[in-house]
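> I'm passing along coords.cif; it holds mmCIF, C-alpha atoms.
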data_target
loop_
_atom_site.group_PDB
_atom_site.id
_atom_site.type_symbol
_atom_site.label_atom_id
_atom_site.label_comp_id
_atom_site.auth_asym_id
_atom_site.auth_seq_id
_atom_site.Cartn_x
_atom_site.Cartn_y
_atom_site.Cartn_z
ATOM 1 C CA MET A 1 102.526 -67.581 16.330
ATOM 2 C CA GLU A 2 99.260 -69.494 16.530
ATOM 3 C CA ASN A 3 98.551 -71.841 13.635
ATOM 4 C CA ILE A 4 94.973 -71.385 12.438
ATOM 5 C CA SER A 5 93.535 -73.928 10.040
ATOM 6 C CA TYR A 6 90.703 -73.528 7.557
ATOM 7 C CA TYR A 7 88.393 -75.386 9.950
ATOM 8 C CA ASP A 8 89.272 -73.039 12.821
ATOM 9 C CA PHE A 9 88.413 -70.109 10.580
ATOM 10 C CA MET A 10 85.059 -71.639 9.602
ATOM 11 C CA ASP A 11 84.239 -72.367 13.257
ATOM 12 C CA ARG A 12 84.801 -68.714 14.110
ATOM 13 C CA LEU A 13 82.586 -67.626 11.234
ATOM 14 C CA ILE A 14 79.584 -69.836 11.948
ATOM 15 C CA ARG A 15 79.609 -70.013 15.749
ATOM 16 C CA LYS A 16 77.264 -67.024 16.049
ATOM 17 C CA ASP A 17 74.720 -68.056 13.450
ATOM 18 C CA ARG A 18 71.716 -69.499 15.270
ATOM 19 C CA ILE A 19 70.069 -70.831 12.109
ATOM 20 C CA LEU A 20 72.791 -73.481 11.833
ATOM 21 C CA TYR A 21 71.808 -74.906 15.209
ATOM 22 C CA LYS A 22 68.069 -75.048 14.630
ATOM 23 C CA SER A 23 66.312 -78.370 14.454
ATOM 24 C CA LYS A 24 66.324 -79.900 10.980
ATOM 25 C CA LEU A 25 62.890 -81.378 11.602
ATOM 26 C CA HIS A 26 59.881 -79.481 10.312
ATOM 27 C CA ARG A 27 56.796 -80.011 8.201
ATOM 28 C CA SER A 28 57.155 -79.830 4.458
ATOM 29 C CA LYS A 29 55.737 -76.940 2.455
ATOM 30 C CA ARG A 30 53.923 -77.968 -0.676
ATOM 31 C CA LYS A 31 54.497 -76.274 -3.997
ATOM 32 C CA LEU A 32 51.689 -73.951 -5.046
ATOM 33 C CA LYS A 33 49.566 -75.150 -7.933
ATOM 34 C CA LYS A 34 48.445 -71.728 -9.106
ATOM 35 C CA LYS A 35 50.791 -70.417 -11.782
ATOM 36 C CA GLN A 36 51.909 -66.811 -11.409
ATOM 37 C CA LYS A 37 51.895 -64.300 -14.257
ATOM 38 C CA LYS A 38 54.953 -63.686 -16.419
ATOM 39 C CA ASN A 39 57.376 -61.076 -15.035
ATOM 40 C CA LYS A 40 55.365 -60.975 -11.806
ATOM 41 C CA LYS A 41 56.633 -61.940 -8.377
ATOM 42 C CA MET A 42 54.695 -64.086 -5.926
ATOM 43 C CA ASP A 43 51.691 -62.354 -4.399
ATOM 44 C CA PHE A 44 51.984 -60.959 -0.883
ATOM 45 C CA SER A 45 50.423 -63.101 1.816
ATOM 46 C CA LYS A 46 50.060 -59.967 3.963
ATOM 47 C CA PRO A 47 49.044 -56.809 2.049
ATOM 48 C CA GLY A 48 50.776 -53.625 3.199
ATOM 49 C CA VAL A 49 53.761 -55.442 4.692
ATOM 50 C CA VAL A 50 56.297 -53.211 2.886
ATOM 51 C CA ASN A 51 54.773 -50.009 4.279
ATOM 52 C CA ARG A 52 54.812 -51.465 7.782
ATOM 53 C CA LEU A 53 58.444 -52.506 7.407
ATOM 54 C CA VAL A 54 59.469 -49.037 6.222
ATOM 55 C CA ASP A 55 57.646 -47.426 9.159
ATOM 56 C CA ARG A 56 59.408 -49.820 11.528
ATOM 57 C CA VAL A 57 62.829 -49.042 10.042
ATOM 58 C CA LEU A 58 62.225 -45.306 10.399
ATOM 59 C CA LYS A 59 60.999 -45.744 13.973
ATOM 60 C CA TYR A 60 63.913 -47.928 15.095
ATOM 61 C CA ASN A 61 66.577 -46.211 13.031
ATOM 62 C CA ASN A 62 69.315 -46.809 15.618
ATOM 63 C CA SER A 63 69.017 -50.609 15.553
ATOM 64 C CA GLN A 64 72.229 -52.592 15.038
ATOM 65 C CA LEU A 65 73.204 -55.060 12.339
ATOM 66 C CA PRO A 66 72.102 -58.660 12.993
ATOM 67 C CA ASP A 67 74.740 -60.790 14.701
ATOM 68 C CA ASN A 68 75.022 -63.648 12.207
ATOM 69 C CA LEU A 69 77.262 -65.211 9.578
ATOM 70 C CA GLU A 70 75.908 -63.013 6.794
ATOM 71 C CA THR A 71 76.878 -59.827 8.635
ATOM 72 C CA THR A 72 80.376 -61.207 9.208
ATOM 73 C CA LEU A 73 80.757 -61.951 5.495
ATOM 74 C CA ASN A 74 79.578 -58.444 4.617
ATOM 75 C CA HIS A 75 82.146 -56.972 7.016
ATOM 76 C CA ILE A 76 84.852 -59.024 5.287
ATOM 77 C CA LEU A 77 83.594 -57.825 1.900
ATOM 78 C CA LYS A 78 83.700 -54.251 3.157
ATOM 79 C CA GLU A 79 87.164 -54.244 4.736
ATOM 80 C CA VAL A 80 88.980 -56.426 2.202
ATOM 81 C CA PHE A 81 87.410 -55.273 -1.064
ATOM 82 C CA VAL A 82 84.969 -52.358 -0.897
ATOM 83 C CA MET A 83 86.901 -49.798 1.159
ATOM 84 C CA PRO A 84 90.202 -50.313 -0.737
ATOM 85 C CA SER A 85 88.298 -50.028 -4.037
ATOM 86 C CA LEU A 86 86.569 -46.889 -2.784
ATOM 87 C CA SER A 87 89.918 -45.309 -1.886
ATOM 88 C CA MET A 88 91.138 -46.117 -5.410
ATOM 89 C CA GLY A 89 88.198 -44.190 -6.844
ATOM 90 C CA ILE A 90 86.683 -47.057 -8.838
ATOM 91 C CA LEU A 91 83.340 -47.215 -7.006
ATOM 92 C CA GLY A 92 82.143 -43.635 -7.303
ATOM 93 C CA ASP A 93 81.888 -40.570 -5.101
ATOM 94 C CA PRO A 94 81.498 -41.566 -1.398
ATOM 95 C CA ASN A 95 79.780 -38.226 -0.735
ATOM 96 C CA LYS A 96 77.144 -38.892 -3.404
ATOM 97 C CA PHE A 97 77.082 -42.663 -3.732
ATOM 98 C CA ASN A 98 74.654 -44.399 -6.084
ATOM 99 C CA THR A 99 73.765 -48.075 -5.765
ATOM 100 C CA ALA A 100 71.638 -50.629 -7.597
ATOM 101 C CA GLY A 101 69.871 -53.571 -5.968
ATOM 102 C CA ASP A 102 68.310 -56.696 -7.410
ATOM 103 C CA GLY A 103 67.553 -60.320 -6.559
ATOM 104 C CA THR A 104 68.063 -63.585 -8.410
ATOM 105 C CA CYS A 105 66.794 -67.136 -7.958
ATOM 106 C CA MET A 106 69.067 -69.692 -6.292
ATOM 107 C CA PRO A 107 67.648 -73.233 -6.583
ATOM 108 C CA THR A 108 68.980 -75.785 -4.121
ATOM 109 C CA ASN A 109 69.786 -79.448 -4.708
ATOM 110 C CA ALA A 110 68.191 -80.348 -1.385
ATOM 111 C CA SER A 111 64.961 -82.325 -1.482
ATOM 112 C CA PRO A 112 61.769 -80.272 -0.959
ATOM 113 C CA TYR A 113 60.066 -83.363 0.493
ATOM 114 C CA GLY A 114 62.522 -84.149 3.280
ATOM 115 C CA LYS A 115 63.180 -87.566 4.758
ATOM 116 C CA LYS A 116 60.565 -89.514 6.697
ATOM 117 C CA VAL A 117 61.758 -90.218 10.251
ATOM 118 C CA CYS A 118 58.474 -91.061 12.000
ATOM 119 C CA ASN A 119 57.057 -94.541 12.618
ATOM 120 C CA CYS A 120 53.774 -93.972 10.798
ATOM 121 C CA LYS A 121 52.751 -96.965 8.715
ATOM 122 C CA LEU A 122 51.405 -95.606 5.459
ATOM 123 C CA LYS A 123 49.954 -97.214 2.397
ATOM 124 C CA PRO A 124 51.278 -96.296 -1.071
ATOM 125 C CA GLY A 125 50.115 -92.775 -1.931
ATOM 126 C CA GLU A 126 49.375 -91.795 1.690
ATOM 127 C CA HIS A 127 51.127 -88.962 3.529
ATOM 128 C CA CYS A 128 51.343 -88.050 7.200
ATOM 129 C CA ASP A 129 51.780 -84.584 8.731
ATOM 130 C CA CYS A 130 54.707 -85.559 10.954
ATOM 131 C CA PRO A 131 57.874 -83.413 10.854
ATOM 132 C CA ARG A 132 60.436 -84.608 8.325
ATOM 133 C CA LEU A 133 64.214 -84.268 8.162
ATOM 134 C CA PHE A 134 65.443 -81.509 5.830
ATOM 135 C CA SER A 135 69.045 -80.815 4.876
ATOM 136 C CA ASP A 136 68.401 -77.198 3.804
ATOM 137 C CA LEU A 137 66.656 -75.447 6.695
ATOM 138 C CA THR A 138 65.878 -72.121 5.010
ATOM 139 C CA ALA A 139 64.855 -73.315 1.539
ATOM 140 C CA SER A 140 61.271 -72.819 0.374
ATOM 141 C CA TRP A 141 59.196 -72.681 -2.799
ATOM 142 C CA GLY A 142 59.504 -69.504 -4.854
ATOM 143 C CA TRP A 143 58.414 -68.259 -8.255
ATOM 144 C CA ASP A 144 60.926 -67.692 -11.062
ATOM 145 C CA SER A 145 59.159 -64.988 -13.067
ATOM 146 C CA TYR A 146 61.686 -65.105 -15.921
ATOM 147 C CA ASN A 147 61.426 -68.845 -16.592
ATOM 148 C CA GLU A 148 57.785 -68.947 -15.437
ATOM 149 C CA GLN A 149 58.213 -71.855 -13.062
ATOM 150 C CA TYR A 150 58.375 -72.636 -9.356
ATOM 151 C CA TYR A 151 61.725 -73.494 -7.819
ATOM 152 C CA TYR A 152 62.842 -74.735 -4.415
ATOM 153 C CA GLY A 153 65.662 -72.831 -2.776
ATOM 154 C CA HIS A 154 66.636 -69.267 -1.964
ATOM 155 C CA THR A 155 66.820 -65.743 -3.342
ATOM 156 C CA PHE A 156 70.162 -63.982 -3.552
ATOM 157 C CA HIS A 157 69.992 -60.203 -3.194
ATOM 158 C CA GLY A 158 72.898 -57.904 -3.920
ATOM 159 C CA PHE A 159 73.734 -54.199 -3.979
ATOM 160 C CA THR A 160 76.318 -52.962 -6.458
ATOM 161 C CA ALA A 161 78.056 -49.641 -7.006
ATOM 162 C CA CYS A 162 76.257 -48.518 -10.145
ATOM 163 C CA ASP A 163 78.718 -45.671 -10.805
ATOM 164 C CA SER A 164 81.471 -48.268 -11.102
ATOM 165 C CA PHE A 165 82.416 -49.453 -14.584
ATOM 166 C CA TYR A 166 82.590 -52.999 -13.193
ATOM 167 C CA SER A 167 79.345 -52.889 -11.115
ATOM 168 C CA LEU A 168 81.232 -54.185 -8.080
ATOM 169 C CA PRO A 169 79.187 -55.683 -5.201
ATOM 170 C CA ILE A 170 79.080 -53.893 -1.856
ATOM 171 C CA HIS A 171 76.448 -55.907 0.048
ATOM 172 C CA ILE A 172 75.071 -59.454 -0.210
ATOM 173 C CA LYS A 173 72.043 -61.121 1.324
ATOM 174 C CA CYS A 174 70.486 -64.567 0.943
ATOM 175 C CA VAL A 175 66.875 -65.201 1.970
ATOM 176 C CA THR A 176 64.271 -67.892 1.528
ATOM 177 C CA ALA A 177 62.717 -68.137 -1.937
ATOM 178 C CA GLU A 178 59.179 -67.354 -0.800
ATOM 179 C CA ARG A 179 60.105 -63.851 0.376
ATOM 180 C CA HIS A 180 59.199 -61.059 -2.030
ATOM 181 C CA ASN A 181 62.081 -58.964 -3.382
ATOM 182 C CA SER A 182 60.548 -55.712 -2.162
ATOM 183 C CA VAL A 183 60.497 -57.053 1.408
ATOM 184 C CA THR A 184 64.105 -58.188 1.140
ATOM 185 C CA GLY A 185 65.013 -54.807 -0.330
ATOM 186 C CA VAL A 186 63.831 -52.965 2.794
ATOM 187 C CA TYR A 187 65.909 -55.153 5.108
ATOM 188 C CA ALA A 188 68.941 -55.081 2.814
ATOM 189 C CA LEU A 189 68.840 -51.302 2.338
ATOM 190 C CA LYS A 190 68.750 -50.750 6.108
ATOM 191 C CA GLU A 191 71.712 -53.108 6.559
ATOM 192 C CA LEU A 192 73.597 -51.376 3.741
ATOM 193 C CA VAL A 193 73.269 -47.942 5.351
ATOM 194 C CA ASP A 194 74.262 -49.291 8.782
ATOM 195 C CA LEU A 195 77.238 -51.174 7.336
ATOM 196 C CA TYR A 196 78.722 -48.102 5.642
ATOM 197 C CA PRO A 197 78.501 -45.038 7.926
ATOM 198 C CA GLU A 198 81.467 -43.640 5.954
ATOM 199 C CA ILE A 199 79.377 -43.352 2.792
ATOM 200 C CA ASN A 200 76.663 -40.828 1.999
ATOM 201 C CA PHE A 201 74.143 -42.761 -0.096
ATOM 202 C CA TYR A 202 72.406 -40.565 -2.636
ATOM 203 C CA SER A 203 70.124 -42.924 -4.570
ATOM 204 C CA ASP A 204 69.291 -46.590 -4.988
ATOM 205 C CA ILE A 205 68.011 -48.145 -8.206
ATOM 206 C CA LEU A 206 65.760 -51.076 -7.367
ATOM 207 C CA THR A 207 65.329 -53.192 -10.495
ATOM 208 C CA TYR A 208 62.800 -55.570 -8.981
ATOM 209 C CA LYS A 209 60.402 -55.387 -11.910
ATOM 210 C CA THR A 210 61.273 -55.899 -15.533
ATOM 211 C CA LYS A 211 61.959 -52.724 -17.530
ATOM 212 C CA LYS A 212 61.338 -50.475 -14.522
ATOM 213 C CA LYS A 213 63.682 -48.725 -12.131
ATOM 214 C CA TYR A 214 62.812 -47.233 -8.773
ATOM 215 C CA TYR A 215 64.839 -44.397 -7.286
ATOM 216 C CA VAL A 216 64.994 -44.021 -3.526
ATOM 217 C CA LYS A 217 66.802 -41.049 -2.027
#
Produce structure tokens that represent the structure in this file.

Amino acid sequence: MENISYYDFMDRLIRKDRILYKSKLHRSKRKLKKKQKKNKKMDFSKPGVVNRLVDRVLKYNNSQLPDNLETTLNHILKEVFVMPSLSMGILGDPNKFNTAGDGTCMPTNASPYGKKVCNCKLKPGEHCDCPRLFSDLTASWGWDSYNEQYYYGHTFHGFTACDSFYSLPIHIKCVTAERHNSVTGVYALKELVDLYPEINFYSDILTYKTKKKYYVK
């Protein structure tokens, strides 16, 4: 029997994820100075992007799940936890399955300024536009509407079985902080449906805005 260590397991998990092999050098993104409104997400840089994404999903409905680490983790979540829980009847009716989706802020401890690696000779207070070394490649500035402040990091998005007494998770997704929740919701919902062909999804409650719920059938 082959002995597989923890490191062998991690190598198998991450070997397909291209983002881990991207260059860590890029230009820094400055924090926005304009303060957003309370309970409001960051404004769209491209109006109408959600409608275009929905049209694209409907047009290319037979597209496959992305081949990355996140998809692998969702497959593990499905096979080890979700499907056994579904067979036990604690997630709801698989023929009329109801889910709820929402996102939450995930600040990172990585520096938003990066590390200077160029040979530019600068005076105190001066800055150059050369690429800098960043330890967190996908982190960006986002707006925390609850605490009314900008944060540097990511947004964690999750779908749960809302008919379950325990609100158990069935799909997870982590994106850069600058992405709007409604954009992430389109991608995540498409992945959710493709991940679970055994389940007939009836409705999805998208709690992306305070005190409001959106039903999508």
> Tell me which of A:Trp141, A:Tyr113, A:Tyr6, A:Tyr202 sits closest to Asp129 of chain A, counting all atoms listed in the file.
A:Tyr113
> If you measure from atom CA of Ile170 of chain A to atom CA of Tyr146 of chain A, what distance in Å do you get, rounded to one decimal?
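Between these atoms lies a distance of 25.0 Å.
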> Which residues of segment 116-208 of chain A come within 9 Å of segment 65-87 of chain A, and for each one, what is the closest pair of atoms and their distance in Å to one decimal, counting only C-alpha atoms, sorted by chain and residue number, as a tab-separated table?

residue	atom	partner	partner_atom	distance
A:Leu168	CA	A:Val82	CA	8.3
A:Pro169	CA	A:Val82	CA	7.9
A:Ile170	CA	A:Val82	CA	6.2
A:His171	CA	A:Asn74	CA	6.1
A:Ile172	CA	A:Asn74	CA	6.7
A:Lys173	CA	A:Glu70	CA	7.0
A:Cys174	CA	A:Glu70	CA	8.1
A:Lys190	CA	A:Leu65	CA	8.8
A:Glu191	CA	A:Leu65	CA	6.3
A:Asp194	CA	A:Leu65	CA	6.9
A:Leu195	CA	A:Leu65	CA	7.5
A:Tyr196	CA	A:Lys78	CA	8.3
> Residues picked by the PyMOL selection byres ((chain A and resi 93) around 10) here, as a PyMOL selection string?
chain A and resi 86-87+89-92+94-98+163-164+199-202
> To verify the selection step, state as a ChimeraX atom specification which residues the PyMOL selection byres ((chain A and resi 176-183) around 9) yields on this input.
/A:41-44,49-50,53,102-103,105-107,138-143,151-157,174-175,184-188,206,208
> Could you work out how far atom CA of Ser28 of chain A lies from atom CA of Arg132 of chain A, giving the answer in Å with one decimal?
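The value is 7.0 Å.
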> Just give me the gap between atom CA of Met10 of chain A and atom CA of Ser167 of chain A in Å, one decimal is fine.
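According to the coordinates, atom CA of Met10 of chain A and atom CA of Ser167 of chain A are separated by 28.5 Å.
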> Please put the answer as JSON: centre and edge lengths, in Å with one decimal, of a box along x, y and z that encloses all listed atoms of segment 149-153 of chain A plus 8 Å on each side.

{"center_x": 61.9, "center_y": -73.3, "center_z": -7.9, "size_x": 23.4, "size_y": 18.9, "size_z": 26.3}
> Given all atoms listed in the file as the basis, pick out the residue of A:Cys162, A:Leu122, A:Leu189, A:Leu137 nearest to Lys29 of chain A.
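Looking at the shortest contact to Lys29 of chain A, the residue is A:Leu137.
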> Do a neighbour search on Thr99 of chain A at 6 Å with all atoms listed in the file, toss out local chain neighbours closer than 2 positions, and write the hits as an mmCIF file with C-alpha atoms, in the coordinates of the input.

data_model
loop_
_atom_site.group_PDB
_atom_site.id
_atom_site.type_symbol
_atom_site.label_atom_id
_atom_site.label_comp_id
_atom_site.auth_asym_id
_atom_site.auth_seq_id
_atom_site.Cartn_x
_atom_site.Cartn_y
_atom_site.Cartn_z
ATOM 1 C CA THR A 160 76.318 -52.962 -6.458
ATOM 2 C CA ALA A 161 78.056 -49.641 -7.006
ATOM 3 C CA CYS A 162 76.257 -48.518 -10.145
ATOM 4 C CA ASP A 204 69.291 -46.590 -4.988
#
> Calculated over only C-alpha atoms, which of the candidates A:Asn51, A:Glu126, A:Thr104, A:Asp8 has the smallest distance to Asp144 of chain A?
A:Thr104
> Go through A:Arg12, A:Arg27, A:Lys59, A:Arg52 one by one, measure the shortest atom-to-atom distance of each to Pro131 of chain A using all atoms listed in the file, and give the residue with the smallest value.
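Among the listed residues, A:Arg27 lies closest to Pro131 of chain A.
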> Restricting the calculation to only C-alpha atoms: of A:Phe159, A:Ser135, A:Asn3, A:Cys128, which residue gets closest to Val193 of chain A?
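Nearest candidate to Val193 of chain A out of A:Phe159, A:Ser135, A:Asn3, A:Cys128: A:Phe159.
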> Would you mind putting back all heavy atoms on segment 53-64 of chain A, then writing it out as a compact mmCIF listing (two decimals), in the frame of the given file?

# COMPACT_ATOMS: atom_id res chain seq x y z
N LEU A 53 57.01 -52.32 7.20
CA LEU A 53 58.44 -52.51 7.41
C LEU A 53 59.19 -51.18 7.33
O LEU A 53 60.10 -50.91 8.13
CB LEU A 53 59.00 -53.47 6.36
CG LEU A 53 58.71 -54.96 6.57
CD1 LEU A 53 59.20 -55.77 5.38
CD2 LEU A 53 59.35 -55.46 7.85
N VAL A 54 58.82 -50.35 6.36
CA VAL A 54 59.47 -49.04 6.22
C VAL A 54 59.21 -48.18 7.46
O VAL A 54 60.12 -47.53 7.99
CB VAL A 54 58.97 -48.33 4.95
CG1 VAL A 54 59.48 -46.89 4.91
CG2 VAL A 54 59.41 -49.08 3.70
N ASP A 55 57.97 -48.19 7.95
CA ASP A 55 57.65 -47.43 9.16
C ASP A 55 58.46 -47.93 10.35
O ASP A 55 58.91 -47.14 11.19
CB ASP A 55 56.15 -47.54 9.46
CG ASP A 55 55.29 -46.82 8.42
OD1 ASP A 55 55.83 -45.94 7.73
OD2 ASP A 55 54.10 -47.16 8.31
N ARG A 56 58.65 -49.24 10.41
CA ARG A 56 59.41 -49.82 11.53
C ARG A 56 60.88 -49.43 11.45
O ARG A 56 61.50 -49.11 12.46
CB ARG A 56 59.27 -51.34 11.51
CG ARG A 56 59.98 -52.03 12.66
CD ARG A 56 59.74 -53.52 12.63
NE ARG A 56 60.39 -54.20 13.73
CZ ARG A 56 60.36 -55.51 13.93
NH1 ARG A 56 59.67 -56.28 13.09
NH2 ARG A 56 60.98 -56.05 14.95
N VAL A 57 61.43 -49.43 10.22
CA VAL A 57 62.83 -49.04 10.04
C VAL A 57 63.04 -47.59 10.44
O VAL A 57 64.02 -47.24 11.11
CB VAL A 57 63.26 -49.27 8.58
CG1 VAL A 57 64.59 -48.59 8.30
CG2 VAL A 57 63.37 -50.75 8.28
N LEU A 58 62.11 -46.72 10.05
CA LEU A 58 62.22 -45.31 10.40
C LEU A 58 62.06 -45.08 11.90
O LEU A 58 62.70 -44.20 12.48
CB LEU A 58 61.17 -44.50 9.63
CG LEU A 58 61.33 -44.47 8.10
CD1 LEU A 58 60.18 -43.72 7.47
CD2 LEU A 58 62.66 -43.85 7.71
N LYS A 59 61.23 -45.89 12.54
CA LYS A 59 61.00 -45.74 13.97
C LYS A 59 62.19 -46.22 14.78
O LYS A 59 62.59 -45.58 15.76
CB LYS A 59 59.74 -46.52 14.38
CG LYS A 59 59.39 -46.39 15.85
CD LYS A 59 58.10 -47.15 16.17
CE LYS A 59 57.75 -47.02 17.65
NZ LYS A 59 56.49 -47.76 17.98
N TYR A 60 62.76 -47.37 14.37
CA TYR A 60 63.91 -47.93 15.10
C TYR A 60 65.17 -47.75 14.26
O TYR A 60 65.87 -48.70 13.92
CB TYR A 60 63.68 -49.41 15.39
CG TYR A 60 62.44 -49.67 16.21
CD1 TYR A 60 61.27 -50.12 15.59
CD2 TYR A 60 62.43 -49.45 17.58
CE1 TYR A 60 60.12 -50.36 16.33
CE2 TYR A 60 61.28 -49.69 18.33
CZ TYR A 60 60.14 -50.14 17.70
OH TYR A 60 59.01 -50.37 18.43
N ASN A 61 65.47 -46.51 13.94
CA ASN A 61 66.58 -46.21 13.03
C ASN A 61 67.94 -46.52 13.63
O ASN A 61 68.93 -46.70 12.92
CB ASN A 61 66.52 -44.73 12.62
CG ASN A 61 67.51 -44.40 11.52
OD1 ASN A 61 67.66 -45.16 10.57
ND2 ASN A 61 68.19 -43.28 11.67
N ASN A 62 68.03 -46.59 14.96
CA ASN A 62 69.32 -46.81 15.62
C ASN A 62 69.59 -48.28 15.91
O ASN A 62 70.49 -48.61 16.68
CB ASN A 62 69.38 -46.01 16.92
CG ASN A 62 68.26 -46.40 17.88
OD1 ASN A 62 67.31 -47.07 17.48
ND2 ASN A 62 68.37 -45.97 19.13
N SER A 63 68.80 -49.19 15.32
CA SER A 63 69.02 -50.61 15.55
C SER A 63 70.33 -51.06 14.93
O SER A 63 70.81 -50.49 13.95
CB SER A 63 67.86 -51.43 14.97
OG SER A 63 67.74 -51.20 13.59
N GLN A 64 70.93 -52.12 15.49
CA GLN A 64 72.23 -52.59 15.04
C GLN A 64 72.08 -53.69 13.99
O GLN A 64 71.01 -54.27 13.81
CB GLN A 64 73.03 -53.11 16.23
CG GLN A 64 73.34 -52.04 17.27
CD GLN A 64 74.13 -52.60 18.43
OE1 GLN A 64 74.32 -53.80 18.56
NE2 GLN A 64 74.62 -51.71 19.29
